[in-house]
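Shown below: final-v8.txt, with compact mmCIF, C-alpha atoms.
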# COMPACT_ATOMS: atom_id res chain seq x y z
CA MET A 56 -32.33 323.29 -34.76
CA ILE A 57 -28.72 324.39 -35.33
CA GLN A 58 -28.40 321.81 -38.11
CA GLY A 59 -31.61 322.86 -39.93
CA SER A 60 -29.65 324.45 -42.76
CA TRP A 61 -26.55 322.20 -42.63
CA ASN A 62 -24.66 322.47 -45.91
CA TYR A 63 -21.26 321.71 -47.42
CA ARG A 64 -20.10 325.34 -47.43
CA THR A 65 -20.89 326.89 -44.06
CA MET A 66 -21.98 323.61 -42.37
CA GLN A 67 -23.75 324.72 -39.13
CA GLY A 68 -22.91 328.41 -39.71
CA ALA A 69 -26.40 329.64 -40.63
CA GLY A 70 -27.77 327.58 -37.74
CA LEU A 71 -25.36 329.25 -35.31
CA GLY A 72 -26.47 332.68 -36.54
CA PHE A 73 -30.12 331.61 -36.29
CA SER A 74 -29.62 330.35 -32.71
CA LEU A 75 -28.07 333.68 -31.68
CA ILE A 76 -30.90 335.83 -33.07
CA PRO A 77 -32.95 336.08 -29.81
CA TYR A 78 -29.94 337.12 -27.72
CA LEU A 79 -28.29 339.41 -30.26
CA SER A 80 -31.62 341.13 -31.05
CA ARG A 81 -31.82 342.11 -27.36
CA LEU A 82 -28.14 343.06 -27.15
CA TYR A 83 -28.23 345.29 -30.24
CA ARG A 84 -31.73 346.68 -29.68
CA GLY A 85 -32.06 349.92 -31.64
CA ASP A 86 -28.91 349.31 -33.70
CA ARG A 87 -30.06 347.33 -36.71
CA ALA A 88 -26.78 347.75 -38.62
CA ALA A 89 -24.74 346.29 -35.75
CA LEU A 90 -27.19 343.39 -35.40
CA ASN A 91 -27.08 342.59 -39.13
CA ALA A 92 -23.27 342.78 -39.15
CA SER A 93 -23.03 340.48 -36.15
CA LEU A 94 -25.46 337.94 -37.64
CA GLY A 95 -23.58 338.05 -40.94
CA ARG A 96 -20.34 337.16 -39.17
CA HIS A 97 -21.89 334.32 -37.20
CA ALA A 98 -23.67 332.85 -40.25
CA GLY A 99 -20.27 332.09 -41.82
CA PHE A 100 -18.50 328.76 -41.37
CA PHE A 101 -18.98 326.81 -38.15
CA ASN A 102 -19.30 323.13 -37.27
CA ALA A 103 -19.38 321.04 -34.09
CA ASN A 104 -21.15 318.07 -32.65
CA PRO A 105 -24.80 319.24 -32.65
CA TYR A 106 -25.36 318.47 -28.96
CA LEU A 107 -22.23 320.34 -27.85
CA SER A 108 -22.73 323.32 -30.15
CA THR A 109 -24.55 325.00 -27.25
CA VAL A 110 -21.09 325.58 -25.75
CA ALA A 111 -20.20 327.77 -28.73
CA ILE A 112 -23.61 329.49 -28.85
CA SER A 113 -23.50 330.66 -25.23
CA ALA A 114 -19.76 331.43 -25.20
CA VAL A 115 -20.13 333.58 -28.34
CA ALA A 116 -23.15 335.33 -26.78
CA ARG A 117 -21.04 336.06 -23.70
CA MET A 118 -18.17 337.44 -25.78
CA GLU A 119 -20.58 339.62 -27.77
CA SER A 120 -22.00 340.96 -24.52
CA GLU A 121 -18.45 341.78 -23.32
CA GLY A 122 -17.78 343.70 -26.55
CA ALA A 123 -15.05 341.37 -27.85
CA GLU A 124 -13.53 342.21 -31.24
CA PRO A 125 -15.15 340.39 -34.20
CA GLU A 126 -11.77 338.92 -35.23
CA GLU A 127 -11.24 337.49 -31.75
CA ILE A 128 -14.72 335.90 -31.75
CA GLU A 129 -14.07 334.44 -35.20
CA ARG A 130 -10.74 332.92 -34.05
CA PHE A 131 -12.47 331.58 -30.93
CA LYS A 132 -15.24 329.92 -32.99
CA ARG A 133 -12.73 328.29 -35.33
CA ALA A 134 -10.70 327.03 -32.36
CA LEU A 135 -13.79 325.37 -30.87
CA VAL A 136 -14.71 323.42 -34.03
CA SER A 137 -12.26 320.59 -33.50
CA PRO A 138 -12.58 319.93 -29.73
CA LEU A 139 -16.38 320.17 -29.74
CA GLY A 140 -16.59 317.88 -32.77
CA SER A 141 -14.14 315.31 -31.49
CA LEU A 142 -15.49 315.17 -27.92
CA GLY A 143 -19.16 315.02 -28.91
CA ASP A 144 -18.72 312.62 -31.82
CA ARG A 145 -16.68 310.14 -29.79
CA LEU A 146 -19.08 310.27 -26.88
CA VAL A 147 -22.48 310.40 -28.60
CA TRP A 148 -22.13 308.87 -32.06
CA ALA A 149 -19.39 306.30 -31.45
CA ARG A 150 -20.38 305.12 -27.95
CA TRP A 151 -23.66 306.30 -26.51
CA ARG A 152 -25.96 305.78 -29.51
CA PRO A 153 -24.62 302.26 -30.29
CA LEU A 154 -24.87 301.38 -26.57
CA CYS A 155 -28.53 302.48 -26.50
CA SER A 156 -29.24 300.65 -29.78
CA LEU A 157 -27.73 297.41 -28.46
CA THR A 158 -29.66 297.76 -25.17
CA ALA A 159 -32.95 298.20 -27.06
CA LEU A 160 -32.11 295.25 -29.33
CA LEU A 161 -31.29 293.14 -26.26
CA LEU A 162 -34.70 293.98 -24.78
CA PHE A 163 -36.35 293.08 -28.09
CA GLY A 164 -34.42 289.80 -28.15
CA LEU A 165 -35.50 289.04 -24.59
CA GLY A 166 -39.13 289.34 -25.68
CA ALA A 167 -39.99 292.82 -24.37
CA PRO A 168 -43.01 294.43 -26.09
CA TRP A 169 -42.06 296.64 -29.07
CA TRP A 170 -42.97 299.83 -27.23
CA VAL A 171 -40.70 298.95 -24.31
CA ALA A 172 -37.67 298.34 -26.59
CA SER A 173 -38.33 301.53 -28.61
CA GLY A 174 -39.28 303.56 -25.54
CA VAL A 175 -36.18 302.54 -23.61
CA PHE A 176 -34.03 303.54 -26.59
CA VAL A 177 -35.62 307.00 -26.87
CA VAL A 178 -35.56 307.73 -23.12
CA LEU A 179 -32.11 306.27 -22.44
CA TYR A 180 -30.52 307.86 -25.51
CA ASN A 181 -31.87 311.33 -24.82
CA THR A 182 -30.56 311.53 -21.26
CA VAL A 183 -26.99 312.21 -22.43
CA PRO A 184 -27.53 314.53 -25.46
CA GLN A 185 -30.15 316.69 -23.75
CA TRP A 186 -27.97 316.94 -20.64
CA LEU A 187 -25.01 317.85 -22.87
CA ARG A 188 -27.06 320.65 -24.45
CA LEU A 189 -27.89 322.15 -21.05
CA TRP A 190 -24.39 321.57 -19.68
CA GLY A 191 -22.87 323.23 -22.75
CA LEU A 192 -25.17 326.21 -22.49
CA GLY A 193 -24.12 326.82 -18.87
CA ARG A 194 -20.41 326.11 -19.39
CA GLY A 195 -20.19 328.36 -22.44
CA TRP A 196 -21.91 331.28 -20.75
CA TRP A 197 -20.09 331.11 -17.43
CA ASN A 198 -16.65 330.47 -18.90
CA GLY A 199 -16.89 332.56 -22.08
CA ARG A 200 -13.57 332.64 -23.93
CA GLU A 201 -12.02 330.31 -21.32
CA VAL A 202 -14.39 327.47 -22.16
CA GLY A 203 -11.73 325.66 -24.22
CA ARG A 204 -9.69 325.12 -21.05
CA VAL A 205 -12.78 323.80 -19.24
CA LEU A 206 -13.40 321.34 -22.06
CA MET A 207 -9.80 320.09 -21.92
CA SER A 208 -10.09 319.26 -18.22
CA SER A 209 -13.67 317.98 -18.37
CA PRO A 210 -14.38 314.42 -17.15
CA LEU A 211 -16.45 314.08 -20.33
CA ARG A 212 -13.21 313.36 -22.18
CA ARG A 213 -12.79 310.07 -20.31
CA LEU A 214 -16.43 309.00 -20.62
CA PRO A 215 -16.20 307.42 -24.12
CA ASP A 216 -13.49 305.02 -22.90
CA ARG A 217 -15.58 304.11 -19.88
CA LEU A 218 -18.49 303.15 -22.13
CA THR A 219 -16.39 300.68 -24.14
CA ILE A 220 -16.77 297.70 -21.78
CA PRO A 221 -20.57 298.03 -21.34
CA LEU A 222 -20.88 298.34 -25.14
CA ALA A 223 -18.93 295.12 -25.69
CA VAL A 224 -20.73 293.20 -22.89
CA ILE A 225 -24.18 294.13 -24.23
CA GLY A 226 -23.02 293.31 -27.78
CA GLY A 227 -22.03 289.81 -26.64
CA ALA A 228 -25.16 289.35 -24.54
CA LEU A 229 -27.31 290.31 -27.52
CA LEU A 230 -26.40 287.36 -29.72
CA PRO A 231 -28.23 284.44 -27.97
CA PRO A 232 -31.60 286.16 -27.39
CA LEU A 233 -31.52 287.60 -30.91
CA ALA A 234 -30.86 284.09 -32.25
CA LEU A 235 -33.89 282.81 -30.36
CA ALA A 236 -36.05 285.79 -31.36
CA LEU A 237 -35.24 285.75 -35.06
CA GLY A 238 -35.04 281.97 -35.41
CA GLY A 239 -37.58 281.14 -32.73
CA THR A 240 -39.49 278.58 -34.78
CA SER A 241 -36.38 276.90 -36.14
CA SER A 242 -35.91 273.22 -35.37
CA VAL A 243 -32.10 273.64 -35.38
CA SER A 244 -30.29 273.48 -32.03
CA PRO A 245 -29.98 276.96 -30.44
CA ILE A 246 -26.29 276.25 -29.72
CA LEU A 247 -25.71 275.71 -33.43
CA VAL A 248 -27.56 278.94 -34.31
CA ILE A 249 -25.58 280.93 -31.71
CA GLY A 250 -22.30 279.31 -32.83
CA ALA A 251 -22.98 280.16 -36.47
CA GLY A 252 -23.87 283.73 -35.50
CA LEU A 253 -20.64 283.99 -33.48
CA ALA A 254 -18.59 282.84 -36.47
CA PHE A 255 -19.98 285.72 -38.52
CA VAL A 256 -19.52 288.15 -35.60
CA VAL A 257 -15.81 287.17 -35.57
CA LEU A 258 -15.64 287.75 -39.33
CA GLY A 259 -17.36 291.11 -38.88
CA TYR A 260 -14.93 292.08 -36.11
CA TRP A 261 -11.94 290.99 -38.18
CA ARG A 262 -12.93 292.93 -41.32
CA PRO A 263 -15.43 295.58 -40.10
CA GLY A 264 -15.64 297.74 -43.22
CA PHE A 265 -15.94 294.81 -45.60
CA ALA A 266 -18.37 292.91 -43.33
CA GLY A 267 -20.62 295.93 -42.84
CA ARG A 268 -20.93 296.42 -46.59
CA LEU A 269 -21.34 292.67 -47.13
CA ALA A 270 -24.24 292.52 -44.64
CA ALA A 271 -26.09 295.37 -46.37
CA LEU A 272 -25.35 294.03 -49.83
CA GLY A 273 -26.38 290.50 -48.79
CA LEU A 274 -29.79 291.69 -47.67
CA LEU A 275 -30.22 293.85 -50.76
CA VAL A 276 -29.28 291.07 -53.19
CA GLY A 277 -31.23 288.49 -51.15
CA SER A 278 -34.38 290.58 -51.31
CA LEU A 279 -33.93 291.00 -55.08
CA VAL A 280 -33.54 287.23 -55.52
CA PHE A 281 -36.70 286.53 -53.53
CA VAL A 282 -38.70 289.12 -55.46
CA VAL A 283 -37.48 287.74 -58.80
CA LEU A 284 -38.30 284.18 -57.69
CA GLU A 285 -41.76 285.34 -56.65
CA LYS A 286 -42.49 287.10 -59.92
CA SER A 287 -40.91 284.53 -62.25
CA PRO A 288 -43.34 282.29 -64.16
CA TRP A 289 -41.39 279.15 -63.18
CA MET B 73 -47.27 307.31 -43.73
CA ALA B 74 -45.39 309.62 -46.07
CA LEU B 75 -45.87 312.46 -43.58
CA LEU B 76 -44.53 310.21 -40.84
CA GLY B 77 -41.43 309.68 -42.99
CA GLY B 78 -41.15 313.47 -43.39
CA VAL B 79 -41.47 314.22 -39.66
CA LEU B 80 -39.05 311.46 -38.69
CA GLY B 81 -36.73 312.58 -41.50
CA LEU B 82 -36.47 316.03 -39.90
CA ASP B 83 -35.27 314.36 -36.69
CA THR B 84 -32.31 312.74 -38.44
CA VAL B 85 -30.32 315.97 -38.78
CA SER B 86 -32.42 319.13 -39.06
CA CYS B 87 -34.50 319.28 -35.91
CA VAL B 88 -34.23 317.99 -32.31
CA GLN B 89 -32.19 314.85 -33.13
CA ALA B 90 -33.94 312.79 -30.47
CA MET B 91 -33.13 309.80 -32.71
CA ILE B 92 -36.77 308.79 -33.19
CA SER B 93 -35.63 308.45 -36.80
CA ARG B 94 -33.56 305.36 -35.90
CA PRO B 95 -34.96 302.08 -37.28
CA ILE B 96 -35.47 300.63 -33.78
CA VAL B 97 -38.02 303.43 -33.14
CA ALA B 98 -39.28 304.53 -36.57
CA ALA B 99 -40.01 301.04 -37.94
CA PRO B 100 -42.21 299.84 -35.04
CA ILE B 101 -44.11 303.15 -35.06
CA ALA B 102 -44.80 302.71 -38.78
CA GLY B 103 -45.67 299.05 -38.20
CA PHE B 104 -48.04 300.04 -35.38
CA LEU B 105 -49.85 302.51 -37.66
CA LEU B 106 -50.17 299.74 -40.25
CA GLY B 107 -51.45 297.24 -37.71
CA ASP B 108 -48.35 295.08 -37.12
CA PRO B 109 -45.77 296.67 -34.81
CA VAL B 110 -44.00 293.33 -34.22
CA ALA B 111 -43.25 292.97 -37.94
CA GLY B 112 -42.13 296.59 -37.87
CA ILE B 113 -39.71 296.13 -34.99
CA SER B 114 -38.32 292.90 -36.47
CA ALA B 115 -37.42 294.75 -39.68
CA GLY B 116 -36.27 297.75 -37.60
CA ALA B 117 -34.01 295.59 -35.43
CA VAL B 118 -32.14 294.14 -38.40
CA LEU B 119 -31.95 297.53 -40.12
CA GLU B 120 -30.68 299.10 -36.88
CA LEU B 121 -27.83 296.58 -36.66
CA VAL B 122 -26.91 296.90 -40.32
CA SER B 123 -26.84 300.71 -40.12
CA MET B 124 -25.19 300.92 -36.67
CA ASN B 125 -21.65 301.41 -37.95
CA GLN B 126 -22.60 304.53 -39.94
CA LEU B 127 -21.60 307.57 -37.94
CA PRO B 128 -22.88 311.05 -38.89
CA ILE B 129 -19.52 312.72 -38.37
CA GLY B 130 -18.67 315.86 -40.36
CA ALA B 131 -19.79 315.54 -43.97
CA ASN B 132 -20.13 311.72 -43.84
CA ARG B 133 -23.01 310.47 -45.98
CA THR B 134 -25.09 308.00 -44.00
CA TRP B 135 -28.31 306.18 -44.91
CA ASP B 136 -31.47 308.17 -44.52
CA THR B 137 -32.93 305.85 -41.88
CA ALA B 138 -36.37 307.47 -41.46
CA PRO B 139 -37.83 306.84 -44.95
CA ALA B 140 -35.91 303.54 -45.03
CA SER B 141 -37.51 302.39 -41.76
CA VAL B 142 -41.04 303.42 -42.78
CA ALA B 143 -40.69 301.64 -46.14
CA ALA B 144 -39.20 298.50 -44.56
CA ALA B 145 -41.89 298.40 -41.87
CA ALA B 146 -44.62 298.80 -44.49
CA ILE B 147 -43.39 295.79 -46.46
CA ALA B 148 -42.89 293.71 -43.31
CA ALA B 149 -46.32 294.61 -41.94
CA LEU B 150 -48.30 294.19 -45.14
CA SER B 151 -46.81 290.90 -46.38
CA SER B 152 -47.06 287.53 -44.75
CA ALA B 153 -44.17 285.43 -45.97
CA GLY B 154 -42.27 285.13 -42.66
CA ALA B 155 -38.49 285.32 -42.97
CA VAL B 156 -38.78 286.05 -46.70
CA SER B 157 -40.82 289.18 -45.90
CA LEU B 158 -38.15 290.21 -43.40
CA VAL B 159 -35.34 289.90 -45.96
CA VAL B 160 -37.29 291.78 -48.65
CA ALA B 161 -38.35 294.47 -46.17
CA VAL B 162 -34.82 295.08 -44.85
CA GLY B 163 -33.25 294.82 -48.31
CA TYR B 164 -35.74 297.39 -49.59
CA GLY B 165 -35.02 299.56 -46.54
CA VAL B 166 -31.29 299.44 -47.32
CA LEU B 167 -32.02 300.53 -50.91
CA VAL B 168 -34.30 303.39 -49.81
CA GLY B 169 -31.79 304.49 -47.16
CA TRP B 170 -28.98 304.53 -49.71
CA ILE B 171 -31.03 306.51 -52.24
CA GLY B 172 -32.01 308.80 -49.36
CA SER B 173 -28.35 309.52 -48.62
CA TRP B 174 -27.98 310.80 -52.18
CA THR B 175 -31.06 313.00 -51.91
CA VAL B 176 -29.55 314.45 -48.71
CA HIS B 177 -26.28 315.08 -50.60
CA VAL B 178 -28.11 317.00 -53.35
CA MET B 179 -30.17 318.90 -50.78
CA ARG B 180 -27.04 319.97 -48.90
CA GLN B 181 -25.56 321.33 -52.11
CA SER B 182 -28.70 323.34 -52.81
CA THR B 183 -28.86 324.48 -49.17
CA ALA B 184 -25.33 325.89 -49.57
CA ARG B 185 -26.64 328.01 -52.44
CA LEU B 186 -29.68 329.02 -50.37
CA VAL B 187 -27.97 330.09 -47.13
CA ALA B 188 -24.46 330.89 -48.27
CA ALA B 189 -25.10 332.64 -51.58
CA ARG B 190 -24.10 336.01 -50.16
CA GLY B 191 -20.44 336.81 -49.60
CA ASP B 192 -18.84 335.57 -46.39
CA GLN B 193 -19.32 337.81 -43.33
CA GLU B 194 -21.75 340.12 -45.19
CA PRO B 195 -24.44 341.64 -42.93
CA ILE B 196 -27.77 339.84 -42.99
CA PRO B 197 -31.08 340.85 -41.37
CA ALA B 198 -32.51 338.49 -38.75
CA SER B 199 -35.69 337.99 -40.80
CA ALA B 200 -33.71 336.92 -43.88
CA LEU B 201 -31.52 334.52 -41.89
CA THR B 202 -34.60 333.04 -40.20
CA ALA B 203 -36.39 332.63 -43.54
CA ARG B 204 -33.40 330.86 -45.11
CA HIS B 205 -32.85 328.58 -42.14
CA LEU B 206 -36.53 327.58 -41.93
CA SER B 207 -36.76 327.19 -45.72
CA ALA B 208 -33.89 324.72 -45.61
CA MET B 209 -35.77 322.72 -42.95
CA ALA B 210 -38.94 322.82 -45.05
CA VAL B 211 -36.97 321.47 -48.02
CA ASP B 212 -35.63 318.63 -45.85
CA PHE B 213 -39.17 317.80 -44.68
CA ALA B 214 -40.47 317.84 -48.28
CA ARG B 215 -37.54 315.67 -49.41
CA ALA B 216 -38.08 313.02 -46.73
CA THR B 217 -41.87 313.03 -47.29
CA ALA B 218 -41.51 312.67 -51.07
CA LEU B 219 -38.90 309.93 -50.74
CA THR B 220 -41.11 307.98 -48.30
CA LEU B 221 -44.14 308.41 -50.58
CA VAL B 222 -42.28 307.15 -53.65
CA ALA B 223 -40.78 304.28 -51.63
CA LEU B 224 -44.23 303.25 -50.37
CA LEU B 225 -45.82 303.48 -53.82
CA LEU B 226 -43.07 301.36 -55.38
CA GLY B 227 -42.90 298.99 -52.43
CA ALA B 228 -46.63 298.26 -52.16
CA PRO B 229 -46.66 295.77 -55.06
CA LEU B 230 -43.72 293.96 -53.43
CA ALA B 231 -45.59 293.62 -50.15
CA SER B 232 -48.91 292.49 -51.59
CA GLY B 233 -47.35 289.99 -54.00
CA LEU B 234 -45.02 288.20 -51.59
CA ASP B 235 -46.15 284.66 -51.09
CA LEU B 236 -42.97 282.59 -50.98
CA SER B 237 -44.10 280.44 -48.11
CA GLY B 238 -42.15 277.29 -49.07
CA ALA B 239 -39.87 275.73 -46.47
CA THR B 240 -36.71 276.12 -48.56
CA ALA B 241 -37.29 279.82 -49.16
CA GLY B 242 -38.02 280.35 -45.46
CA ILE B 243 -34.86 278.58 -44.33
CA ALA B 244 -32.73 280.40 -46.92
CA ALA B 245 -34.14 283.74 -45.77
CA ALA B 246 -33.62 282.94 -42.07
CA VAL B 247 -30.01 281.89 -42.71
CA LEU B 248 -29.36 285.05 -44.74
CA VAL B 249 -30.77 287.27 -41.98
CA TRP B 250 -28.68 285.51 -39.35
CA VAL B 251 -25.48 285.75 -41.38
CA CYS B 252 -26.04 289.47 -41.98
CA VAL B 253 -26.95 290.11 -38.33
CA GLY B 254 -23.71 288.38 -37.22
CA LEU B 255 -21.60 290.34 -39.69
CA ALA B 256 -23.27 293.63 -38.78
CA LEU B 257 -22.90 293.04 -35.03
CA GLY B 258 -19.19 292.17 -35.32
CA SER B 259 -18.58 295.11 -37.62
CA GLY B 260 -20.57 297.49 -35.40
CA VAL B 261 -18.72 296.52 -32.19
CA ARG B 262 -15.32 296.82 -33.90
CA MET B 263 -16.13 300.24 -35.39
CA MET B 264 -16.96 301.57 -31.91
CA ALA B 265 -14.32 299.81 -29.84
CA LYS B 266 -11.48 297.36 -30.31
CA GLY B 267 -8.74 295.56 -28.39
CA ARG B 268 -8.28 292.61 -26.09
CA THR B 269 -10.49 294.04 -23.34
CA VAL B 270 -13.34 294.48 -25.80
CA VAL B 271 -13.03 290.87 -27.00
CA LEU B 272 -12.98 289.61 -23.39
CA ALA B 273 -15.99 291.75 -22.43
CA PHE B 274 -17.89 290.60 -25.52
CA THR B 275 -17.11 286.95 -24.70
CA ALA B 276 -18.19 287.39 -21.08
CA GLY B 277 -21.51 288.90 -22.17
CA LEU B 278 -22.00 286.13 -24.71
CA LEU B 279 -21.30 283.32 -22.23
CA VAL B 280 -23.58 284.67 -19.49
CA SER B 281 -26.35 285.38 -21.98
CA THR B 282 -26.05 281.95 -23.65
CA VAL B 283 -26.34 280.15 -20.31
CA LEU B 284 -29.29 282.29 -19.23
CA SER B 285 -31.06 282.01 -22.59
CA LEU B 286 -30.74 278.23 -22.75
CA TRP B 287 -31.74 277.88 -19.12
CA LEU B 288 -34.83 280.05 -19.55
CA ALA B 289 -35.79 278.65 -22.99
Could you write out this file's structure as structure tokens?
Amino acid sequence: MIQGSWNYRTMQGAGLGFSLIPYLSRLYRGDRAALNASLGRHAGFFNANPYLSTVAISAVARMESEGAEPEEIERFKRALVSPLGSLGDRLVWARWRPLCSLTALLLFGLGAPWWVASGVFVVLYNTVPQWLRLWGLGRGWWNGREVGRVLMSSPLRRLPDRLTIPLAVIGGALLPPLALALGGTSSVSPILVIGAGLAFVVLGYWRPGFAGRLAALGLLVGSLVFVVLEKSPW
Amino acid sequence: MALLGGVLGLDTVSCVQAMISRPIVAAPIAGFLLGDPVAGISAGAVLELVSMNQLPIGANRTWDTAPASVAAAAIAALSSAGAVSLVVAVGYGVLVGWIGSWTVHVMRQSTARLVAARGDQEPIPASALTARHLSAMAVDFARATALTLVALLLGAPLASGLDLSGATAGIAAAVLVWVCVGLALGSGVRMMAKGRTVVLAFTAGLLVSTVLSLWLA
């Protein structure tokens, strides 16, 4: 829930403060002023990949328990923003989620029931982020202010590169079954359908930004044309 | 259905992030509740591919996929015009997702006023911080629910009126879907990974899958 109050000013800051409430309430039991001051500091600016923000939560809790100076904790939090964001975003958003999406789409293309394709996506996807949350919680607590060094030497840094090949293989494998699934009743030769699809994949790969927008715009304009045709008196 | 959009909308950013808000999950669930999960997952599959290259990094504005998926699945499940229904459903989903990204933008600006109105580093009681954090989540839930409701109310006439069952319209729609799927797949793979190894791996997957698909078909 760290992103529950995500905003353009403090980003995950209020969420970080909110996540620390149970621990800090115990740490500063009987000293309401110290608790409020601590929460106020932690509800300032902070941002990270949401699944790896547990590293910061537990490391900050550890530093608070060791009586670290507020300025030191603030510098530590700011120093974590970039590595936690870069590592988590590359791993989860740029590799793992697309890999799980393509796997689920491949299953759908191969004729798996809808609940299998959707279920596999949910189960497969959540293995990595939920593990990251637990891993981050442990690493942050046990390593405290040294957690940055642990992150730098973590094998997690190499994982995104290792997922590149599976992502590309599944992407390629997806095209033929998807052609048969979406154009299953077509009388056109499957080779022709796959070949045509491949031509547009090449175009998409060549100009990714333009092709992505073109695909969305094509469907939007296409749907408009069909609706207008349907409603027109001619 | 609107509540489903609200609950799934919370999953996008605010709560859990188990990615049940992705079209490949949200659309078949909505389709199942409307009696046609296969239509739902067909629309969800295309929407998933088209939205795959949008990464929620930093302050990036990405489509709000939960209301978009519910709206797309509703049109796909309630109309019966084959490929034409699919194009209209996904096109409508793209529109709803895009409008949703703007509602998220406005909400994030108002959330900044809600949780960061006080001066930086000023002390704050736990109860006040909790109330602000949970209020922001409640606003996100209300936003996603309202957006889904409006999308369903406006989309219902589209779904019930679709009857373009002619061969030409069907072929045109199928070609359009296939072109967009190809573009989105190429774009998606390139946004995540690039280079000679990626091209070779993609080609290997394509060749093996083509042989197997044609052999099994």
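The closest residue to Leu278 in chain B, picked from A:Ala114, A:Leu75, A:Leu90, A:Leu229 and counting all atoms listed in the file, is A:Leu229.
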Show me, as a JSON list (two decimals) with C-alpha atoms, in the coordinates of the input, every residue of chain A with an atom at most 6 Å from chain B, counting only C-alpha atoms.
[["chain", "number", "residue", "atom", "x", "y", "z"],
["A", 56, "MET", "CA", -32.33, 323.29, -34.76],
["A", 58, "GLN", "CA", -28.40, 321.81, -38.11],
["A", 59, "GLY", "CA", -31.61, 322.86, -39.93],
["A", 60, "SER", "CA", -29.65, 324.45, -42.76],
["A", 62, "ASN", "CA", -24.66, 322.47, -45.91],
["A", 64, "ARG", "CA", -20.10, 325.34, -47.43],
["A", 91, "ASN", "CA", -27.08, 342.59, -39.13],
["A", 92, "ALA", "CA", -23.27, 342.78, -39.15],
["A", 95, "GLY", "CA", -23.58, 338.05, -40.94],
["A", 96, "ARG", "CA", -20.34, 337.16, -39.17],
["A", 99, "GLY", "CA", -20.27, 332.09, -41.82],
["A", 149, "ALA", "CA", -19.39, 306.30, -31.45],
["A", 173, "SER", "CA", -38.33, 301.53, -28.61],
["A", 223, "ALA", "CA", -18.93, 295.12, -25.69],
["A", 224, "VAL", "CA", -20.73, 293.20, -22.89],
["A", 227, "GLY", "CA", -22.03, 289.81, -26.64],
["A", 228, "ALA", "CA", -25.16, 289.35, -24.54],
["A", 231, "PRO", "CA", -28.23, 284.44, -27.97],
["A", 252, "GLY", "CA", -23.87, 283.73, -35.50],
["A", 255, "PHE", "CA", -19.98, 285.72, -38.52],
["A", 256, "VAL", "CA", -19.52, 288.15, -35.60],
["A", 259, "GLY", "CA", -17.36, 291.11, -38.88],
["A", 260, "TYR", "CA", -14.93, 292.08, -36.11],
["A", 263, "PRO", "CA", -15.43, 295.58, -40.10],
["A", 266, "ALA", "CA", -18.37, 292.91, -43.33],
["A", 267, "GLY", "CA", -20.62, 295.93, -42.84],
["A", 270, "ALA", "CA", -24.24, 292.52, -44.64],
["A", 274, "LEU", "CA", -29.79, 291.69, -47.67],
["A", 275, "LEU", "CA", -30.22, 293.85, -50.76],
["A", 278, "SER", "CA", -34.38, 290.58, -51.31]]
Original post:
Is there a way to get, as a list in words, all residues within 9 Å of the point (-21.5, 332.8, -20.3) in file coordinates, counting only C-alpha atoms?
Top reply: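 Residues with an atom close enough to that point: Ser113, Ala114, Val115, Ala116, Arg117, Met118, Leu192, Gly193, Arg194, Gly195, Trp196, Trp197, Asn198, Gly199 and Arg200 of chain A.
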Original post:
Quick one: distance from CA of Val147 in chain A to CA of Arg217 in chain A in Å, one decimal?
Top reply: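 Distance reported for this atom pair: 12.8 Å.
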Original post:
So which residues touch Gly81 in chain B within 7 Å, counting all atoms listed in the file, skipping near sequence neighbours fewer than 5 positions away, as JSON, numbers by chain?
Top reply: {"B": [93, 138, 139, 213, 216]}
**OP:** Work out how far apart CA of Pro138 in chain A and CA of Arg212 in chain A are and give it in Å to one decimal.
**Re:**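 Separation of CA of Pro138 in chain A and CA of Arg212 in chain A: 10.0 Å.
CA of Gly172 in chain B sits 6.4 Å away from CA of Trp135 in chain B.
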Could I get the residues of range 69-115 of chain A with an atom no further than 12 Å from an atom of range 204-207 of chain A, each paired with its nearest atom pair and that distance in Å to one decimal, using all atoms listed in the file, sorted by chain and residue number, as JSON lines?
{"residue": "A:Leu107", "atom": "CA", "partner": "A:Leu206", "partner_atom": "CA", "distance": 10.6}
{"residue": "A:Val110", "atom": "CA", "partner": "A:Leu206", "partner_atom": "CA", "distance": 9.5}
{"residue": "A:Ala111", "atom": "CA", "partner": "A:Leu206", "partner_atom": "CA", "distance": 11.5}
{"residue": "A:Ala114", "atom": "CA", "partner": "A:Val205", "partner_atom": "CA", "distance": 11.9}
